[in-house]
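*Asks:* As input, take final.txt (compact mmCIF, C-alpha atoms and all ligand atoms):
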```txt
# COMPACT_ATOMS: atom_id res chain seq x y z
CA MET A 102 193.17 133.09 119.58
CA ILE A 103 192.70 134.99 122.84
CA LEU A 104 193.37 138.73 123.09
CA ILE A 105 194.52 139.77 126.56
CA THR A 106 194.11 143.52 127.11
CA GLY A 107 196.33 144.79 129.93
CA GLY A 108 198.35 141.60 129.53
CA THR A 109 201.67 143.06 130.69
CA GLY A 110 200.00 144.15 133.95
CA TYR A 111 200.00 142.28 137.24
CA ILE A 112 197.03 139.93 136.88
CA GLY A 113 197.13 139.85 133.06
CA SER A 114 200.73 138.61 132.93
CA HIS A 115 200.04 135.78 135.39
CA THR A 116 196.97 134.79 133.38
CA ALA A 117 198.96 134.90 130.13
CA VAL A 118 201.44 132.40 131.61
CA LYS A 119 198.67 130.00 132.69
CA LEU A 120 196.93 130.18 129.30
CA ILE A 121 200.18 129.52 127.41
CA GLU A 122 200.80 126.58 129.77
CA GLN A 123 197.40 125.27 128.70
CA ASN A 124 198.58 125.57 125.06
CA GLU A 125 196.25 128.44 124.20
CA ASP A 126 197.29 130.98 121.55
CA ILE A 127 197.36 134.44 123.03
CA ILE A 128 198.05 138.02 121.94
CA ILE A 129 198.77 140.80 124.40
CA LEU A 130 197.66 144.41 124.06
CA ASP A 131 198.85 147.05 126.53
CA ASN A 132 199.71 150.74 126.32
CA LEU A 133 202.42 150.20 129.01
CA TYR A 134 200.95 152.99 131.16
CA ASN A 135 201.34 150.86 134.29
CA SER A 136 203.63 148.04 133.16
CA LYS A 137 206.81 147.37 131.22
CA SER A 138 207.50 145.65 127.90
CA GLU A 139 210.13 143.46 129.68
CA VAL A 140 207.16 141.49 131.07
CA ILE A 141 206.90 139.91 127.59
CA ASP A 142 210.49 138.64 127.99
CA SER A 143 209.60 137.26 131.43
CA ILE A 144 206.54 135.46 130.04
CA GLU A 145 208.78 133.93 127.38
CA THR A 146 211.37 132.86 129.97
CA ILE A 147 208.71 131.22 132.16
CA THR A 148 206.77 129.46 129.39
CA GLY A 149 209.29 129.07 126.56
CA LYS A 150 206.87 130.83 124.25
CA ARG A 151 206.84 134.51 123.28
CA PRO A 152 203.37 136.00 122.94
CA LYS A 153 202.69 138.50 120.15
CA PHE A 154 202.55 141.97 121.70
CA TYR A 155 200.88 145.16 120.54
CA GLN A 156 201.69 148.41 122.34
CA THR A 157 198.26 149.89 121.69
CA ASP A 158 195.91 152.09 123.67
CA LEU A 159 192.23 151.13 123.92
CA LEU A 160 191.45 154.75 123.13
CA ASP A 161 193.13 154.32 119.71
CA ILE A 162 190.25 152.89 117.66
CA ASN A 163 192.30 152.38 114.47
CA GLY A 164 195.10 150.62 116.33
CA LEU A 165 192.57 148.41 118.05
CA GLU A 166 190.83 147.48 114.80
CA GLN A 167 194.19 146.67 113.21
CA ILE A 168 194.71 143.94 115.84
CA PHE A 169 191.34 142.38 115.01
CA LYS A 170 192.11 142.66 111.28
CA GLU A 171 195.47 140.92 111.61
CA ASN A 172 194.38 138.13 113.95
CA LYS A 173 191.38 135.82 114.23
CA ILE A 174 190.40 136.62 117.79
CA ASP A 175 187.75 134.35 119.35
CA CYS A 176 187.79 135.67 122.90
CA VAL A 177 188.98 138.73 124.79
CA ILE A 178 190.12 138.73 128.41
CA HIS A 179 189.83 142.38 129.35
CA PHE A 180 192.15 143.50 132.16
CA ALA A 181 193.21 146.90 130.79
CA GLY A 182 192.12 149.74 132.99
CA LEU A 183 193.23 152.24 135.60
CA LYS A 184 192.75 151.00 139.16
CA ALA A 185 193.96 153.54 141.74
CA VAL A 186 190.95 154.46 143.89
CA GLY A 187 192.45 157.70 145.26
CA GLU A 188 193.47 158.92 141.82
CA SER A 189 189.97 158.16 140.53
CA VAL A 190 188.49 160.41 143.22
CA ALA A 191 190.82 163.23 142.18
CA GLN A 192 190.50 162.68 138.41
CA PRO A 193 187.18 160.96 137.68
CA LEU A 194 187.07 161.96 134.00
CA LYS A 195 190.42 160.32 133.36
CA TYR A 196 188.96 157.09 134.79
CA PHE A 197 185.65 157.34 132.93
CA ASN A 198 187.45 157.99 129.66
CA ASN A 199 190.12 155.33 129.99
CA ASN A 200 188.05 152.55 131.52
CA ILE A 201 184.58 153.15 130.08
CA THR A 202 185.40 154.68 126.67
CA GLY A 203 188.24 152.17 126.29
CA THR A 204 185.82 149.31 126.91
CA ILE A 205 183.24 150.72 124.49
CA ASN A 206 185.94 150.93 121.78
CA LEU A 207 186.93 147.35 122.50
CA LEU A 208 183.33 146.08 122.34
CA MET A 209 182.68 147.96 119.08
CA ALA A 210 185.78 146.40 117.51
CA MET A 211 184.74 142.97 118.80
CA GLN A 212 181.27 143.34 117.31
CA LYS A 213 182.67 144.55 113.99
CA TYR A 214 184.99 141.54 113.73
CA ASN A 215 182.40 139.09 115.06
CA CYS A 216 184.23 138.25 118.28
CA LYS A 217 181.54 137.62 120.88
CA LYS A 218 183.26 136.21 123.94
CA ILE A 219 184.63 138.42 126.68
CA ILE A 220 185.84 137.85 130.23
CA PHE A 221 185.91 141.09 132.20
CA SER A 222 188.00 142.02 135.25
CA SER A 223 185.47 143.34 137.71
CA SER A 224 186.00 143.80 141.40
CA ALA A 225 184.48 143.19 144.81
CA THR A 226 184.32 146.98 145.00
CA VAL A 227 181.01 146.79 143.05
CA TYR A 228 179.38 145.48 146.25
CA GLY A 229 179.64 148.96 147.74
CA THR A 230 179.48 149.07 151.52
CA THR A 231 177.03 146.29 152.19
CA GLN A 232 177.63 144.70 155.59
CA ILE A 233 176.26 141.19 155.16
CA MET A 234 179.04 138.66 154.68
CA PRO A 235 179.98 136.55 152.85
CA LEU A 236 179.27 138.39 149.61
CA THR A 237 177.43 136.30 147.06
CA GLU A 238 177.09 137.27 143.41
CA ASN A 239 173.55 138.41 144.31
CA SER A 240 174.57 140.75 147.13
CA PRO A 241 173.42 144.35 146.62
CA LEU A 242 175.62 146.49 144.38
CA GLY A 243 176.76 150.06 144.98
CA VAL A 244 179.74 152.32 144.49
CA THR A 245 181.87 154.40 146.81
CA ASN A 246 184.31 155.95 144.33
CA PRO A 247 184.73 156.71 140.58
CA TYR A 248 186.94 153.65 140.01
CA GLY A 249 184.16 151.43 141.37
CA ARG A 250 181.68 153.29 139.22
CA THR A 251 183.63 152.42 136.08
CA LYS A 252 183.42 148.72 137.03
CA LEU A 253 179.69 148.92 137.69
CA VAL A 254 178.97 150.88 134.49
CA ILE A 255 180.96 148.37 132.43
CA GLU A 256 179.13 145.46 134.13
CA ASP A 257 175.80 147.13 133.25
CA MET A 258 176.88 147.75 129.64
CA LEU A 259 177.87 144.10 129.30
CA LYS A 260 174.52 142.99 130.76
CA ASP A 261 172.69 145.14 128.17
CA LEU A 262 174.85 143.69 125.41
CA ALA A 263 174.11 140.12 126.49
CA ASN A 264 170.38 140.97 126.49
CA ALA A 265 170.56 142.54 123.06
CA ASP A 266 172.57 139.81 121.34
CA ASN A 267 172.27 136.25 122.56
CA GLU A 268 175.39 135.17 120.67
CA PHE A 269 177.49 137.09 123.16
CA CYS A 270 179.04 135.13 125.98
CA ILE A 271 180.21 137.31 128.82
CA ILE A 272 181.82 136.39 132.13
CA LEU A 273 182.23 139.00 134.85
CA LEU A 274 184.89 138.03 137.37
CA ARG A 275 184.72 139.95 140.64
CA TYR A 276 188.18 139.74 142.20
CA PHE A 277 188.77 140.14 145.90
CA ASN A 278 192.32 141.10 146.96
CA PRO A 279 195.01 139.59 144.72
CA ILE A 280 198.52 139.37 146.18
CA GLY A 281 201.53 137.08 145.68
CA ALA A 282 203.56 136.43 142.55
CA ASN A 283 204.66 133.69 140.18
CA GLN A 284 207.29 131.50 141.86
CA SER A 285 209.83 132.30 139.11
CA ASN A 286 210.00 135.77 140.76
CA LEU A 287 210.03 137.21 137.24
CA ILE A 288 206.54 138.72 137.30
CA GLY A 289 204.64 140.28 140.20
CA GLU A 290 203.17 143.51 141.48
CA ASN A 291 205.31 146.63 141.41
CA PRO A 292 203.13 149.74 141.54
CA ASN A 293 204.62 153.19 140.99
CA GLY A 294 204.72 155.61 143.94
CA ILE A 295 203.01 155.10 147.30
CA PRO A 296 200.89 151.95 147.02
CA ASN A 297 197.16 151.96 147.75
CA ASN A 298 197.07 148.33 148.73
CA LEU A 299 198.35 146.56 151.81
CA MET A 300 200.79 143.99 150.40
CA PRO A 301 202.83 146.28 148.12
CA TYR A 302 203.03 148.68 151.06
CA ILE A 303 204.28 145.96 153.42
CA CYS A 304 206.90 144.95 150.82
CA LYS A 305 208.16 148.52 150.56
CA VAL A 306 208.45 148.74 154.36
CA ALA A 307 210.23 145.35 154.44
CA LYS A 308 212.75 146.62 151.87
CA GLY A 309 213.31 149.88 153.76
CA GLU A 310 211.78 152.02 151.00
CA LEU A 311 209.06 153.30 153.32
CA PRO A 312 209.57 153.81 157.07
CA GLU A 313 206.42 152.18 158.41
CA LEU A 314 202.99 150.90 157.51
CA ASN A 315 199.87 152.86 158.43
CA VAL A 316 197.11 150.58 159.71
CA PHE A 317 193.88 152.48 159.14
CA GLY A 318 191.68 151.87 162.19
CA ASN A 319 191.96 149.34 165.03
CA ASP A 320 188.47 149.76 166.43
CA TYR A 321 186.44 147.80 163.89
CA ASP A 322 184.27 144.94 165.04
CA THR A 323 186.77 142.27 163.95
CA VAL A 324 189.08 139.74 165.59
CA ASP A 325 191.69 142.40 166.52
CA GLY A 326 189.96 145.64 165.50
CA THR A 327 191.69 145.97 162.11
CA GLY A 328 189.97 145.58 158.73
CA VAL A 329 189.44 142.06 157.37
CA ARG A 330 189.79 141.27 153.65
CA ASP A 331 189.78 138.20 151.42
CA TYR A 332 193.28 137.86 149.93
CA ILE A 333 193.76 135.54 146.98
CA HIS A 334 197.06 134.40 145.46
CA VAL A 335 197.45 135.86 141.95
CA GLU A 336 198.43 132.37 140.72
CA ASP A 337 195.05 131.09 141.91
CA LEU A 338 193.34 134.09 140.34
CA ALA A 339 195.09 133.33 137.03
CA ILE A 340 193.82 129.73 137.17
CA GLY A 341 190.34 131.18 137.77
CA HIS A 342 190.64 132.90 134.36
CA VAL A 343 191.68 129.67 132.67
CA LYS A 344 188.60 127.99 134.18
CA ALA A 345 186.42 130.89 133.03
CA TYR A 346 187.90 130.58 129.54
CA ASN A 347 187.15 126.85 129.52
CA LYS A 348 183.54 127.69 130.36
CA ILE A 349 183.12 130.53 127.88
CA LYS A 350 184.21 128.30 124.98
CA SER A 351 180.93 126.39 125.08
CA ASN A 352 178.43 128.79 126.66
CA ASN A 353 176.57 131.94 125.94
CA GLY A 354 174.72 134.42 128.09
CA LEU A 355 176.17 136.35 130.99
CA HIS A 356 177.70 134.75 134.06
CA ILE A 357 179.13 136.38 137.19
CA TYR A 358 181.64 134.83 139.59
CA ASN A 359 183.43 135.94 142.73
CA LEU A 360 187.09 134.98 142.75
CA GLY A 361 188.31 134.92 146.34
CA THR A 362 189.23 132.29 148.92
CA GLY A 363 186.25 132.75 151.21
CA ASN A 364 188.63 133.43 154.14
CA GLY A 365 189.17 136.84 155.67
CA TYR A 366 192.42 138.02 157.30
CA SER A 367 192.83 141.18 159.34
CA VAL A 368 195.60 143.68 158.60
CA LEU A 369 197.45 142.59 161.76
CA GLN A 370 197.07 138.93 160.78
CA VAL A 371 198.57 139.68 157.36
CA ILE A 372 201.47 141.53 158.99
CA SER A 373 202.20 138.64 161.33
CA SER A 374 201.88 136.08 158.51
CA PHE A 375 204.37 138.14 156.48
CA GLU A 376 206.76 138.34 159.43
CA LYS A 377 206.51 134.60 160.02
CA ALA A 378 206.80 133.54 156.37
CA ASN A 379 209.78 135.81 155.66
CA ASN A 380 211.39 136.29 159.06
CA ILE A 381 211.27 140.08 158.77
CA LYS A 382 209.86 142.61 161.22
CA ILE A 383 207.33 145.10 159.81
CA ASN A 384 207.07 148.45 161.59
CA TYR A 385 203.55 149.76 161.74
CA ASN A 386 201.58 152.54 163.25
CA ILE A 387 197.85 152.74 163.99
CA ALA A 388 196.24 155.58 162.01
CA PRO A 389 192.62 156.83 161.92
CA ARG A 390 190.03 154.94 159.87
CA ARG A 391 189.81 155.85 156.18
CA THR A 392 186.43 157.07 154.95
CA GLY A 393 184.62 154.47 152.89
CA ASP A 394 186.38 151.46 154.48
CA VAL A 395 184.23 148.73 156.00
CA ALA A 396 185.20 146.29 158.74
CA THR A 397 185.04 143.00 156.90
CA VAL A 398 184.83 141.85 153.27
CA TYR A 399 185.05 138.27 152.08
CA ALA A 400 183.61 136.19 149.29
CA ASP A 401 181.12 133.41 149.07
CA THR A 402 183.02 131.17 146.63
CA LYS A 403 180.42 128.42 146.07
CA LYS A 404 179.25 129.53 142.63
CA ALA A 405 182.78 129.52 141.15
CA GLU A 406 183.42 126.18 142.83
CA VAL A 407 180.30 124.55 141.38
CA GLU A 408 180.15 126.15 137.94
CA LEU A 409 183.83 126.77 137.13
CA ASP A 410 185.39 124.01 139.23
CA PHE A 411 187.56 126.72 140.77
CA LYS A 412 188.93 126.63 144.28
CA ALA A 413 191.89 128.68 145.49
CA LYS A 414 194.65 126.51 146.90
CA TYR A 415 197.25 128.89 148.37
CA GLY A 416 197.17 130.09 151.97
CA ILE A 417 198.10 133.48 153.42
CA GLU A 418 201.71 132.58 154.32
CA GLU A 419 202.42 131.35 150.78
CA MET A 420 200.92 134.59 149.45
CA CYS A 421 203.20 136.63 151.77
CA ARG A 422 206.26 134.52 150.87
CA ASP A 423 205.74 134.87 147.12
CA SER A 424 204.97 138.61 147.27
CA TRP A 425 208.22 139.21 149.12
CA ASN A 426 210.34 136.86 146.99
CA PHE A 427 209.30 138.86 143.95
CA TYR A 428 209.67 142.30 145.51
CA ARG A 429 213.02 141.70 147.25
CA ASN A 430 214.55 140.73 143.90
CA ILE A 431 213.60 143.82 141.90
N1 LIG B 501 194.86 144.31 141.54
C1 LIG B 501 193.71 144.39 142.19
O1 LIG B 501 193.69 144.51 143.41
C2 LIG B 501 192.40 144.33 141.43
C3 LIG B 501 191.22 144.02 142.15
C4 LIG B 501 190.01 143.99 141.45
C5 LIG B 501 189.98 144.26 140.08
N2 LIG B 501 191.13 144.57 139.43
C6 LIG B 501 191.06 144.86 137.99
O2 LIG B 501 191.83 143.91 137.27
C7 LIG B 501 192.43 144.51 136.12
C8 LIG B 501 193.91 144.23 136.14
O3 LIG B 501 194.47 144.76 137.34
P1 LIG B 501 196.03 144.71 137.65
O4 LIG B 501 196.17 144.68 139.13
O5 LIG B 501 196.67 143.67 136.84
O6 LIG B 501 196.44 146.17 137.14
P2 LIG B 501 197.71 146.64 136.30
O7 LIG B 501 197.72 148.13 136.34
O8 LIG B 501 198.93 145.92 136.73
O9 LIG B 501 197.31 146.15 134.83
C9 LIG B 501 196.45 146.86 133.99
C10 LIG B 501 197.16 147.07 132.65
O10 LIG B 501 196.30 147.79 131.77
C11 LIG B 501 197.08 148.70 131.03
N3 LIG B 501 196.17 149.76 130.56
C12 LIG B 501 195.49 150.68 131.29
N4 LIG B 501 194.74 151.47 130.51
C13 LIG B 501 194.96 151.04 129.22
C14 LIG B 501 194.49 151.48 127.94
N5 LIG B 501 193.67 152.51 127.82
N6 LIG B 501 194.92 150.81 126.85
C15 LIG B 501 195.78 149.78 126.95
N7 LIG B 501 196.28 149.33 128.13
C16 LIG B 501 195.87 149.97 129.25
C17 LIG B 501 198.16 149.18 131.99
O11 LIG B 501 199.31 149.66 131.34
C18 LIG B 501 198.44 147.90 132.79
O12 LIG B 501 199.53 147.16 132.24
C19 LIG B 501 192.06 146.00 136.18
O13 LIG B 501 190.95 146.22 135.33
C20 LIG B 501 191.69 146.20 137.63
O14 LIG B 501 190.76 147.24 137.79
C21 LIG B 501 192.34 144.59 140.07
```
Could you write out this file's structure as structure tokens?
*Replies:*
Amino acid sequence: MILITGGTGYIGSHTAVKLIEQNEDIIILDNLYNSKSEVIDSIETITGKRPKFYQTDLLDINGLEQIFKENKIDCVIHFAGLKAVGESVAQPLKYFNNNITGTINLLMAMQKYNCKKIIFSSSATVYGTTQIMPLTENSPLGVTNPYGRTKLVIEDMLKDLANADNEFCIILLRYFNPIGANQSNLIGENPNGIPNNLMPYICKVAKGELPELNVFGNDYDTVDGTGVRDYIHVEDLAIGHVKAYNKIKSNNGLHIYNLGTGNGYSVLQVISSFEKANNIKINYNIAPRRTGDVATVYADTKKAEVELDFKAKYGIEEMCRDSWNFYRNI
């Protein structure tokens, strides 16, 4: 049995679908802070199977232990966490408590109930502002904001745990920029308020909910001066978790993988791909650079290819098409 924390969220729900499609038994835990319980209905509609759901907060130790008591959990895929960079700068303690304390509670419960396999949602943000591309799993680490710090602290805690107890098997997945949605259009990304990330912002402009997109900086040393990132379809990312789960079943120790495509696209390239894929014009405006942003970020994907047999298959236009097909229908 696999416990998916944050399983009604964006990446967790897509991963839940792929695991059910592989006939795995899953349970979902989420406090619904950033997602809705209707996602469980959508997972059932897509897969024909309704996962067991606990509306539980990782900060609620008794509630968490109850889940381990009631179910024989062999592996945890740990998505639950807060992820808004700007909010983390304004409210670091909220992020440290939710993400770090929440993870400590989870690990203590796992240890108590002898569950020693965990796949953790890390992020390319742990590479800090290093300039040498592509980023390999051995690139230097650093943080530029409290959200990134929570990821790095949790990575370090998990490394210490793997050193202390060699029965633990831990996989750290460093995601690049997930976009897109399941082709059912029933699950996808729908953040509250003004989005931090490019694709939800573009979707809101396309739907007329925001007047125009701000492009932060057009004087970077890139193909057209705008920032380049490695976008990965969330369906590919979900498959990456299934591959990681297949590996964790028969391994111990700690393993780290980048999950990206290895291709970078500039902001203007993403806008024009979106316009082409969906036949919609996106109004944008060039704004000053944001502090902390770097010109180009993309992954070296060889390690995941060799050790997990994972290779992303969707291209940027499919990502733009699926993001919009989901967002236009909500
Ligand atoms: N989306 C990205 O761009 C991205 C990139 C890199 C890493 N990540 C990481 O991947 C994970 C999943 O991201 P996502 O985009 O699906 O985010 P999301 O907000 O859609 O999903 C996270 C889920 O966790 C739940 N949650 C938060 N705190 C909780 C707590 N204390 N107890 C129980 N549930 C809690 C939320 O309600 C939400 O449903 C996060 O850890 C995020 O930091 C995301």
*Asks:* Show me which residues line ligand LIG 501 (chain B), defined as having an atom within 8 Å of a ligand atom where only C-alpha atoms and all ligand atoms count, and present them as a PyMOL selection string.
*Replies:* chain A and resi 106-114+130-137+156-160+179-184+199-200+203+221-226+248+252+275-280+290-292+298
*Asks:* What's the 7 Å shell around region 353-362 of chain A, counting only C-alpha atoms, without same-chain residues fewer than 3 positions away, as an mmCIF file with C-alpha atoms, in the frame of the given file?
*Replies:*
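And here is the file that came out, out30.cif:
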```
data_model
loop_
_atom_site.group_PDB
_atom_site.id
_atom_site.type_symbol
_atom_site.label_atom_id
_atom_site.label_comp_id
_atom_site.auth_asym_id
_atom_site.auth_seq_id
_atom_site.Cartn_x
_atom_site.Cartn_y
_atom_site.Cartn_z
ATOM 1 C CA GLU A 238 177.090 137.270 143.410
ATOM 2 C CA LYS A 260 174.520 142.990 130.760
ATOM 3 C CA ALA A 263 174.110 140.120 126.490
ATOM 4 C CA ASN A 267 172.270 136.250 122.560
ATOM 5 C CA GLU A 268 175.390 135.170 120.670
ATOM 6 C CA PHE A 269 177.490 137.090 123.160
ATOM 7 C CA CYS A 270 179.040 135.130 125.980
ATOM 8 C CA ILE A 271 180.210 137.310 128.820
ATOM 9 C CA ILE A 272 181.820 136.390 132.130
ATOM 10 C CA LEU A 273 182.230 139.000 134.850
ATOM 11 C CA LEU A 274 184.890 138.030 137.370
ATOM 12 C CA ARG A 275 184.720 139.950 140.640
ATOM 13 C CA TYR A 276 188.180 139.740 142.200
ATOM 14 C CA PHE A 277 188.770 140.140 145.900
ATOM 15 C CA ASP A 331 189.780 138.200 151.420
ATOM 16 C CA TYR A 332 193.280 137.860 149.930
ATOM 17 C CA ILE A 333 193.760 135.540 146.980
ATOM 18 C CA LEU A 338 193.340 134.090 140.340
ATOM 19 C CA ILE A 349 183.120 130.530 127.880
ATOM 20 C CA ALA A 400 183.610 136.190 149.290
ATOM 21 C CA THR A 402 183.020 131.170 146.630
ATOM 22 C CA LYS A 404 179.250 129.530 142.630
ATOM 23 C CA ALA A 405 182.780 129.520 141.150
ATOM 24 C CA ALA A 413 191.890 128.680 145.490
#
```
*Asks:* Interatomic distance between CA of Asp261 (chain A) and CA of Asp175 (chain A)?
*Replies:* 20.5 Å
*Asks:* Have a look at A:Lys217, A:Arg391, A:Lys305, A:Lys119 and name the one nearest to Ile431 (chain A); count only C-alpha atoms.
*Replies:*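 Selected residue with least distance to Ile431 (chain A): A:Lys305.
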*Asks:* Go through A:Ala191, A:Ala282, A:Met209, A:Leu120 one by one, measure the shortest atom-to-atom distance of each to Leu165 (chain A) using all atoms listed in the file, and give the residue with the smallest value.
*Replies:* A:Met209
*Asks:* Using only C-alpha atoms, pick whichever of A:Thr146, A:Ser373, A:Asn319, A:Asn364 has the shortest atom-to-atom distance to Ser285 (chain A).
*Replies:*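 The closest residue to Ser285 (chain A) is A:Thr146.
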*Asks:* Give me the residues near region 376-389 of chain A as a PDB file with C-alpha atoms, keeping the file's coordinate frame, where near means some atom within 8 Å (using all atoms listed in the file) and where sequence neighbours in that chain fewer than 4 positions away do not count.
*Replies:*
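Contents of result-v4.pdb, freshly written:
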```pdb
ATOM      1  CA  ILE A 303     204.280 145.960 153.420  1.00  0.00           C
ATOM      2  CA  VAL A 306     208.450 148.740 154.360  1.00  0.00           C
ATOM      3  CA  ALA A 307     210.230 145.350 154.440  1.00  0.00           C
ATOM      4  CA  PRO A 312     209.570 153.810 157.070  1.00  0.00           C
ATOM      5  CA  GLU A 313     206.420 152.180 158.410  1.00  0.00           C
ATOM      6  CA  LEU A 314     202.990 150.900 157.510  1.00  0.00           C
ATOM      7  CA  ASN A 315     199.870 152.860 158.430  1.00  0.00           C
ATOM      8  CA  VAL A 316     197.110 150.580 159.710  1.00  0.00           C
ATOM      9  CA  PHE A 317     193.880 152.480 159.140  1.00  0.00           C
ATOM     10  CA  GLY A 318     191.680 151.870 162.190  1.00  0.00           C
ATOM     11  CA  ASN A 319     191.960 149.340 165.030  1.00  0.00           C
ATOM     12  CA  ILE A 372     201.470 141.530 158.990  1.00  0.00           C
ATOM     13  CA  GLU A 418     201.710 132.580 154.320  1.00  0.00           C
ATOM     14  CA  GLU A 419     202.420 131.350 150.780  1.00  0.00           C
ATOM     15  CA  CYS A 421     203.200 136.630 151.770  1.00  0.00           C
ATOM     16  CA  ARG A 422     206.260 134.520 150.870  1.00  0.00           C
ATOM     17  CA  TRP A 425     208.220 139.210 149.120  1.00  0.00           C
TER      18      TRP A 425
END
```
